[in-house]
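So this block is upload05.txt, compact mmCIF, C-alpha atoms:
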# COMPACT_ATOMS: atom_id res chain seq x y z
CA MET A 22 -57.38 32.28 -29.31
CA VAL A 23 -55.66 28.87 -29.45
CA ASP A 24 -56.30 26.80 -32.59
CA ILE A 25 -57.18 23.29 -31.38
CA ASN A 26 -58.36 21.72 -34.65
CA SER A 27 -57.02 18.32 -35.63
CA ASP A 28 -54.53 19.79 -38.08
CA ASN A 29 -52.79 21.69 -35.30
CA ARG A 30 -52.01 18.85 -32.87
CA ILE A 31 -48.73 19.18 -31.06
CA ASP A 32 -45.82 17.01 -32.18
CA PHE A 33 -44.13 16.30 -28.85
CA ARG A 34 -41.03 14.80 -30.48
CA ALA A 35 -40.49 18.03 -32.41
CA ALA A 36 -41.21 20.09 -29.30
CA VAL A 37 -38.63 18.18 -27.24
CA ASN A 38 -36.07 18.57 -30.03
CA PHE A 39 -36.82 22.30 -30.18
CA PHE A 40 -35.87 22.67 -26.51
CA ALA A 41 -32.90 20.29 -26.80
CA GLU A 42 -31.41 22.50 -29.52
CA ARG A 43 -31.54 25.32 -26.97
CA LYS A 44 -29.78 23.24 -24.28
CA VAL A 45 -33.00 22.57 -22.34
CA CYS A 46 -33.40 18.88 -21.56
CA LEU A 47 -37.07 17.87 -21.29
CA GLN A 48 -36.59 14.17 -22.03
CA PRO A 49 -33.18 12.87 -20.94
CA GLN A 50 -31.56 10.06 -22.94
CA ARG A 51 -30.84 7.17 -20.57
CA LEU A 52 -28.32 4.35 -20.80
CA HIS A 53 -30.03 1.13 -21.91
CA ILE A 54 -28.32 -2.16 -21.07
CA ARG A 55 -29.44 -5.41 -22.67
CA LEU A 56 -27.11 -8.37 -22.18
CA PRO A 57 -28.64 -11.68 -23.33
CA ASN A 58 -26.11 -13.96 -21.56
CA ALA A 59 -26.08 -11.87 -18.38
CA LYS A 60 -26.00 -14.77 -15.90
CA GLU A 61 -23.02 -16.39 -17.59
CA VAL A 62 -21.15 -13.08 -17.65
CA LEU A 63 -21.94 -12.17 -14.03
CA ASP A 64 -20.92 -15.65 -12.90
CA ALA A 65 -17.58 -15.26 -14.71
CA GLY A 66 -17.02 -11.94 -12.95
CA LEU A 67 -17.84 -13.36 -9.54
CA ARG A 68 -15.51 -16.29 -10.15
CA HIS A 69 -12.72 -13.92 -11.14
CA PHE A 70 -13.06 -11.59 -8.14
CA LEU A 71 -14.25 -14.04 -5.45
CA GLY A 72 -12.73 -17.33 -6.59
CA CYS A 73 -14.28 -20.43 -8.08
CA ASN A 74 -15.66 -21.62 -4.75
CA TYR A 75 -18.02 -18.66 -4.27
CA MET A 76 -21.74 -19.49 -3.86
CA TRP A 77 -24.39 -17.95 -6.13
CA GLN A 78 -26.93 -16.03 -4.03
CA PRO A 79 -30.64 -15.44 -4.83
CA GLU A 80 -30.17 -11.67 -5.11
CA TYR A 81 -27.68 -12.18 -7.94
CA ASP A 82 -30.61 -13.29 -10.09
CA LYS A 83 -32.09 -9.80 -9.67
CA VAL A 84 -28.82 -8.28 -10.88
CA VAL A 85 -28.99 -10.63 -13.88
CA ASP A 86 -32.54 -9.38 -14.59
CA TRP A 87 -31.22 -5.82 -14.52
CA LEU A 88 -28.32 -6.65 -16.84
CA THR A 89 -30.67 -8.46 -19.23
CA ASP A 90 -32.77 -5.29 -19.59
CA ASN A 91 -32.23 -2.37 -17.25
CA LYS A 92 -35.12 -0.39 -18.83
CA GLY A 93 -32.93 2.71 -18.66
CA LEU A 94 -32.54 2.52 -14.87
CA GLY A 95 -29.41 2.54 -12.75
CA LEU A 96 -28.82 -0.02 -9.99
CA PHE A 97 -29.16 0.41 -6.23
CA CYS A 98 -27.99 -2.53 -4.10
CA MET A 99 -29.06 -2.37 -0.47
CA GLY A 100 -28.58 -4.81 2.37
CA ASN A 101 -26.32 -6.64 4.76
CA CYS A 102 -22.52 -6.58 4.78
CA GLY A 103 -20.53 -9.27 3.04
CA ARG A 104 -23.11 -10.24 0.40
CA GLY A 105 -21.17 -9.15 -2.69
CA LYS A 106 -22.63 -5.67 -3.23
CA THR A 107 -19.30 -3.87 -3.52
CA THR A 108 -17.75 -6.59 -5.67
CA ILE A 109 -20.65 -6.42 -8.12
CA CYS A 110 -21.07 -2.63 -8.19
CA LEU A 111 -17.49 -1.43 -7.89
CA GLN A 112 -15.59 -4.14 -9.75
CA ILE A 113 -17.71 -6.37 -11.98
CA LEU A 114 -20.32 -4.05 -13.50
CA PRO A 115 -17.87 -1.35 -14.68
CA CYS A 116 -15.90 -4.08 -16.48
CA ILE A 117 -19.02 -5.57 -18.08
CA ILE A 118 -20.45 -2.24 -19.22
CA GLN A 119 -17.12 -1.05 -20.60
CA HIS A 120 -16.56 -4.30 -22.52
CA TYR A 121 -20.03 -4.84 -23.98
CA PHE A 122 -21.37 -1.28 -24.20
CA HIS A 123 -18.15 0.80 -24.45
CA LYS A 124 -19.16 3.10 -21.58
CA VAL A 125 -16.66 4.09 -18.90
CA PHE A 126 -17.86 4.88 -15.38
CA SER A 127 -16.33 7.24 -12.87
CA ILE A 128 -15.89 5.39 -9.57
CA CYS A 129 -15.73 6.87 -6.09
CA LEU A 130 -16.09 5.91 -2.45
CA ALA A 131 -18.91 7.67 -0.65
CA ARG A 132 -16.65 8.73 2.19
CA GLU A 133 -14.51 10.71 -0.30
CA MET A 134 -17.10 12.07 -2.74
CA ASN A 135 -18.07 15.25 -0.88
CA ARG A 136 -14.45 16.43 -1.00
CA HIS A 137 -14.60 16.18 -4.81
CA TYR A 138 -18.00 17.76 -5.41
CA THR A 139 -17.24 19.44 -8.75
CA GLU A 140 -15.47 16.39 -10.20
CA VAL A 141 -18.28 14.03 -9.17
CA MET A 142 -21.00 16.31 -10.52
CA ARG A 143 -19.25 16.43 -13.90
CA SER A 144 -19.66 12.65 -14.21
CA HIS A 145 -22.48 11.28 -16.33
CA LEU A 146 -21.95 7.62 -15.46
CA LEU A 147 -21.06 7.08 -11.82
CA VAL A 148 -20.47 4.24 -9.35
CA ILE A 149 -20.57 5.22 -5.66
CA ASP A 150 -19.64 2.66 -3.02
CA ASP A 151 -21.23 2.60 0.44
CA ILE A 152 -23.56 5.61 0.46
CA GLY A 153 -25.04 6.78 3.74
CA ARG A 154 -21.83 6.68 5.75
CA GLU A 155 -20.22 9.84 4.39
CA GLU A 156 -20.09 13.12 6.26
CA PRO A 157 -20.84 16.51 4.65
CA TYR A 158 -17.70 18.33 3.59
CA GLN A 159 -17.23 21.92 4.69
CA GLU A 160 -14.92 24.40 2.99
CA TYR A 161 -14.87 28.15 3.54
CA GLY A 162 -18.26 27.95 5.25
CA ASN A 163 -19.88 25.98 2.40
CA HIS A 164 -21.33 22.54 3.03
CA PHE A 165 -21.10 19.93 0.26
CA ASN A 166 -23.30 16.83 0.13
CA VAL A 167 -23.03 15.54 -3.42
CA PHE A 168 -25.34 12.52 -3.35
CA PRO A 169 -28.73 14.32 -3.34
CA ASP A 170 -27.52 16.66 -6.09
CA PHE A 171 -26.31 13.81 -8.29
CA VAL A 172 -29.58 11.91 -7.83
CA ASP A 173 -31.42 15.08 -8.90
CA ASP A 174 -29.34 15.10 -12.08
CA CYS A 175 -30.17 11.44 -12.70
CA GLU A 176 -33.81 12.41 -12.99
CA ARG A 177 -33.44 15.79 -14.70
CA LYS A 178 -30.45 15.16 -16.98
CA GLY A 179 -30.43 11.40 -17.48
CA LYS A 180 -27.25 10.74 -15.51
CA PHE A 181 -26.69 7.10 -14.59
CA LEU A 182 -25.96 5.76 -11.10
CA ILE A 183 -24.82 2.41 -9.74
CA THR A 184 -24.52 2.43 -5.97
CA ASN A 185 -24.78 0.33 -2.82
CA THR A 186 -25.37 0.74 0.89
CA ASN A 187 -25.54 -1.14 4.17
CA CYS A 188 -28.05 1.40 5.49
CA THR A 189 -31.78 0.84 5.80
CA LYS A 190 -34.36 2.91 3.92
CA GLU A 191 -35.18 4.68 7.18
CA GLN A 192 -31.54 5.62 7.76
CA LEU A 193 -31.22 6.91 4.19
CA ALA A 194 -34.45 8.90 4.50
CA GLU A 195 -33.15 10.52 7.67
CA LYS A 196 -29.83 11.40 6.02
CA TYR A 197 -30.96 12.52 2.56
CA GLY A 198 -34.70 13.17 2.90
CA GLU A 199 -37.73 11.56 1.26
CA ARG A 200 -37.34 13.68 -1.89
CA THR A 201 -33.95 12.16 -2.72
CA LEU A 202 -35.21 8.64 -1.97
CA SER A 203 -38.19 9.20 -4.26
CA ARG A 204 -35.90 10.28 -7.10
CA LEU A 205 -33.57 7.36 -6.39
CA LYS A 206 -36.55 5.02 -6.69
CA ALA A 207 -37.53 6.60 -10.01
CA THR A 208 -34.06 6.32 -11.53
CA THR A 209 -32.64 3.02 -10.22
CA ARG A 210 -33.63 -0.60 -9.80
CA LEU A 211 -33.50 -1.65 -6.13
CA VAL A 212 -31.96 -5.05 -5.35
CA VAL A 213 -32.08 -6.13 -1.70
CA PHE A 214 -29.17 -8.26 -0.44
CA ALA A 215 -30.40 -10.25 2.56
CA GLY A 216 -28.85 -12.99 4.65
CA GLU A 217 -25.66 -13.58 6.58
CA ASP A 218 -22.20 -12.19 5.88
CA LEU A 219 -20.51 -14.51 3.36
CA ARG A 220 -16.97 -13.40 4.18
CA HIS A 221 -14.78 -16.01 5.79
CA GLY A 222 -12.28 -15.59 8.55

If you took the structure in this file and wrote it as C-alpha cells, what would it be?
Amino acid sequence: MVDINSDNRIDFRAAVNFFAERKVCLQPQRLHIRLPNAKEVLDAGLRHFLGCNYMWQPEYDKVVDWLTDNKGLGLFCMGNCGRGKTTICLQILPCIIQHYFHKVFSICLAREMNRHYTEVMRSHLLVIDDIGREEPYQEYGNHFNVFPDFVDDCERKGKFLITNTNCTKEQLAEKYGERTLSRLKATTRLVVFAGEDLRHG
C-alpha cells in the first residue's frame, strides 16, 4: 500500500535529478535570453548588415520583445520575402547571442540540412534558414527529413531553434504535419513578418 501521509510527499526536484543522473531528461534546461538594451543592439545589427538607411519595421519590435526575455523559447519568423527575416535570424542573432551570452549556434540552410542529418541532429543550438522548401534526402533507400526530428528534440531535450520561412502555416502543416507544428508552437516564439518586399532593385 502507498504511504500518502504528509511526511511522504514527493519532492519533484529530487525526482527529476534522480532521473537526470541516469541520463533520462524529464525537465530539459532551456536557453534563457534577457537583453535589457535589445532594441539598441538589434538596431545596430540591422544598420551593420542593411546599411544606415534601412527602415525599422513593426515586426522588429516583436524580435526585441523576444530578446528582452525569450522565456526559454526559440524564435520562429514567418512571413513575406524581403522583410529581414534571414538577416535577423542568420546573421544578427548568432552574433548577439555569442557576444552577450557566449553561446555559439550551428547554422544551416534548409535546402542542405537533410543531407547532413547526423551533423544537424548533434547540434544543441541551431539556426535554420528558409524551412519548408527543402526536399527529403534519400540515401541507400533511407529517407531523411531532419526538421521534424530536431523540433521533437527541442521539446524533449531542450534543444534551441531559431528559424524562418516564407511558407504559410497551412503549407508547413501539409509538409511536416500538425504534430510538428504543435511542438514548434510550444518551443518557439512566432513573429509574423507582414507587408511588402523591402528589397530594392

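In this model, the gap between CA of Leu88 (chain A) and CA of Leu202 (chain A) comes to 22.4 Å.
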
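Rounded to one decimal, CA of Phe214 (chain A) and CA of Ile152 (chain A) lie 15.0 Å from each other.
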
Close residues, Thr186 (chain A) itself excluded, 10 Å, only C-alpha atoms, min 3 positions apart in chain, as a list in words: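 Within the cut-off, the hits are Phe97, Cys98, Met99, Gly100, Asn101, Cys102, Lys106, Thr107, Ala131, Ile149, Asp150, Asp151, Ile152, Gly153, Arg154, Thr189, Lys190, Leu193, Val213 and Phe214 of chain A.
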
Item to complete: Enter the distance from CA of Glu156 (chain A) to CA of Arg210 (chain A), in Å, rounded to one decimal.
Response: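 Separating CA of Glu156 (chain A) from CA of Arg210 (chain A) is a distance of 25.1 Å.
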
Min atom-atom distance to Arg132 (chain A) from the set A:Ser203, A:Asn166, A:Thr208, A:Gln48, counting only C-alpha atoms, belongs to A:Asn166

Of A:Arg220, A:His123, A:Arg55, A:Arg68, the one sitting nearest Gly93 (chain A) when using all atoms listed in the file is A:Arg55

(message) Just checking: using all atoms listed in the file, which residue out of A:Val37, A:Met134, A:Cys129, A:Cys188 ends up closest to Val167 (chain A)?
(response)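 Selected residue with least distance to Val167 (chain A): A:Met134.
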
Checklist entry - Within 12 Å of region 57-61 of chain A, counting all atoms listed in the file, which residues qualify if same-chain residues fewer than 6 places away don't, as an NGL selection string? => result :A and (67-68 or 77-78 or 80-91 or 113-114 or 117-118 or 121)

Min atom-atom distance to His137 (chain A) from the set A:Pro157, A:Phe33, A:Glu199, A:Gly95, counting only C-alpha atoms, belongs to A:Pro157

Report task. For Leu182 (chain A), list every protein, DNA or RNA residue within 8 Å, evaluated using only C-alpha atoms, and leave out those in the same chain fewer than 5 positions away; present the list as an MDAnalysis selection string. Result -> chainID A and resid 95:97 146:149 172 175 209

When distances are computed from only C-alpha atoms, which of A:Arg204, A:His164, A:Arg30, A:His145 shows the smallest separation from Lys180 (chain A)?
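Answer, going by the shortest atom-to-atom distance: A:His145.
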
Have a look at A:Thr139, A:Asn187, A:His69, A:Val62 and name the one nearest to Ala215 (chain A); count all atoms listed in the file.
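Comparing A:Thr139, A:Asn187, A:His69, A:Val62 against Ala215 (chain A), the winner is A:Asn187.
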
Can you give me N, CA and C atoms for region 97-116 of chain A, written as a short mmCIF file (atom, residue, chain, number, x, y, z; two decimals), in the coordinates of the input?
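Final output, selection29.cif:
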data_model
loop_
_atom_site.label_atom_id
_atom_site.label_comp_id
_atom_site.auth_asym_id
_atom_site.auth_seq_id
_atom_site.Cartn_x
_atom_site.Cartn_y
_atom_site.Cartn_z
N PHE A 97 -29.34 0.05 -7.64
CA PHE A 97 -29.16 0.41 -6.23
C PHE A 97 -29.23 -0.87 -5.41
N CYS A 98 -28.07 -1.30 -4.89
CA CYS A 98 -27.99 -2.53 -4.10
C CYS A 98 -27.95 -2.17 -2.62
N MET A 99 -28.90 -2.71 -1.88
CA MET A 99 -29.06 -2.37 -0.47
C MET A 99 -29.12 -3.65 0.36
N GLY A 100 -28.43 -3.64 1.50
CA GLY A 100 -28.58 -4.81 2.37
C GLY A 100 -27.38 -5.04 3.26
N ASN A 101 -27.29 -6.28 3.74
CA ASN A 101 -26.32 -6.64 4.76
C ASN A 101 -24.89 -6.66 4.22
N CYS A 102 -23.94 -6.53 5.14
CA CYS A 102 -22.52 -6.58 4.78
C CYS A 102 -22.14 -7.97 4.27
N GLY A 103 -21.12 -8.00 3.44
CA GLY A 103 -20.53 -9.27 3.04
C GLY A 103 -21.37 -10.12 2.12
N ARG A 104 -22.24 -9.49 1.31
CA ARG A 104 -23.11 -10.24 0.40
C ARG A 104 -22.70 -10.07 -1.07
N GLY A 105 -21.64 -9.30 -1.32
CA GLY A 105 -21.17 -9.15 -2.69
C GLY A 105 -21.57 -7.84 -3.36
N LYS A 106 -22.17 -6.92 -2.62
CA LYS A 106 -22.63 -5.67 -3.23
C LYS A 106 -21.48 -4.87 -3.83
N THR A 107 -20.42 -4.67 -3.04
CA THR A 107 -19.30 -3.87 -3.52
C THR A 107 -18.59 -4.56 -4.68
N THR A 108 -18.40 -5.86 -4.59
CA THR A 108 -17.75 -6.59 -5.67
C THR A 108 -18.51 -6.42 -6.98
N ILE A 109 -19.83 -6.54 -6.91
CA ILE A 109 -20.65 -6.42 -8.12
C ILE A 109 -20.66 -4.98 -8.63
N CYS A 110 -20.91 -4.02 -7.74
CA CYS A 110 -21.07 -2.63 -8.19
C CYS A 110 -19.76 -1.96 -8.55
N LEU A 111 -18.73 -2.19 -7.75
CA LEU A 111 -17.49 -1.43 -7.89
C LEU A 111 -16.49 -2.10 -8.83
N GLN A 112 -16.60 -3.42 -8.98
CA GLN A 112 -15.59 -4.14 -9.75
C GLN A 112 -16.17 -4.80 -11.01
N ILE A 113 -17.23 -5.57 -10.85
CA ILE A 113 -17.71 -6.37 -11.98
C ILE A 113 -18.48 -5.54 -13.00
N LEU A 114 -19.46 -4.77 -12.55
CA LEU A 114 -20.32 -4.05 -13.50
C LEU A 114 -19.57 -3.03 -14.36
N PRO A 115 -18.63 -2.25 -13.79
CA PRO A 115 -17.87 -1.35 -14.68
C PRO A 115 -17.12 -2.09 -15.79
N CYS A 116 -16.59 -3.27 -15.46
CA CYS A 116 -15.90 -4.08 -16.48
C CYS A 116 -16.87 -4.56 -17.56
#
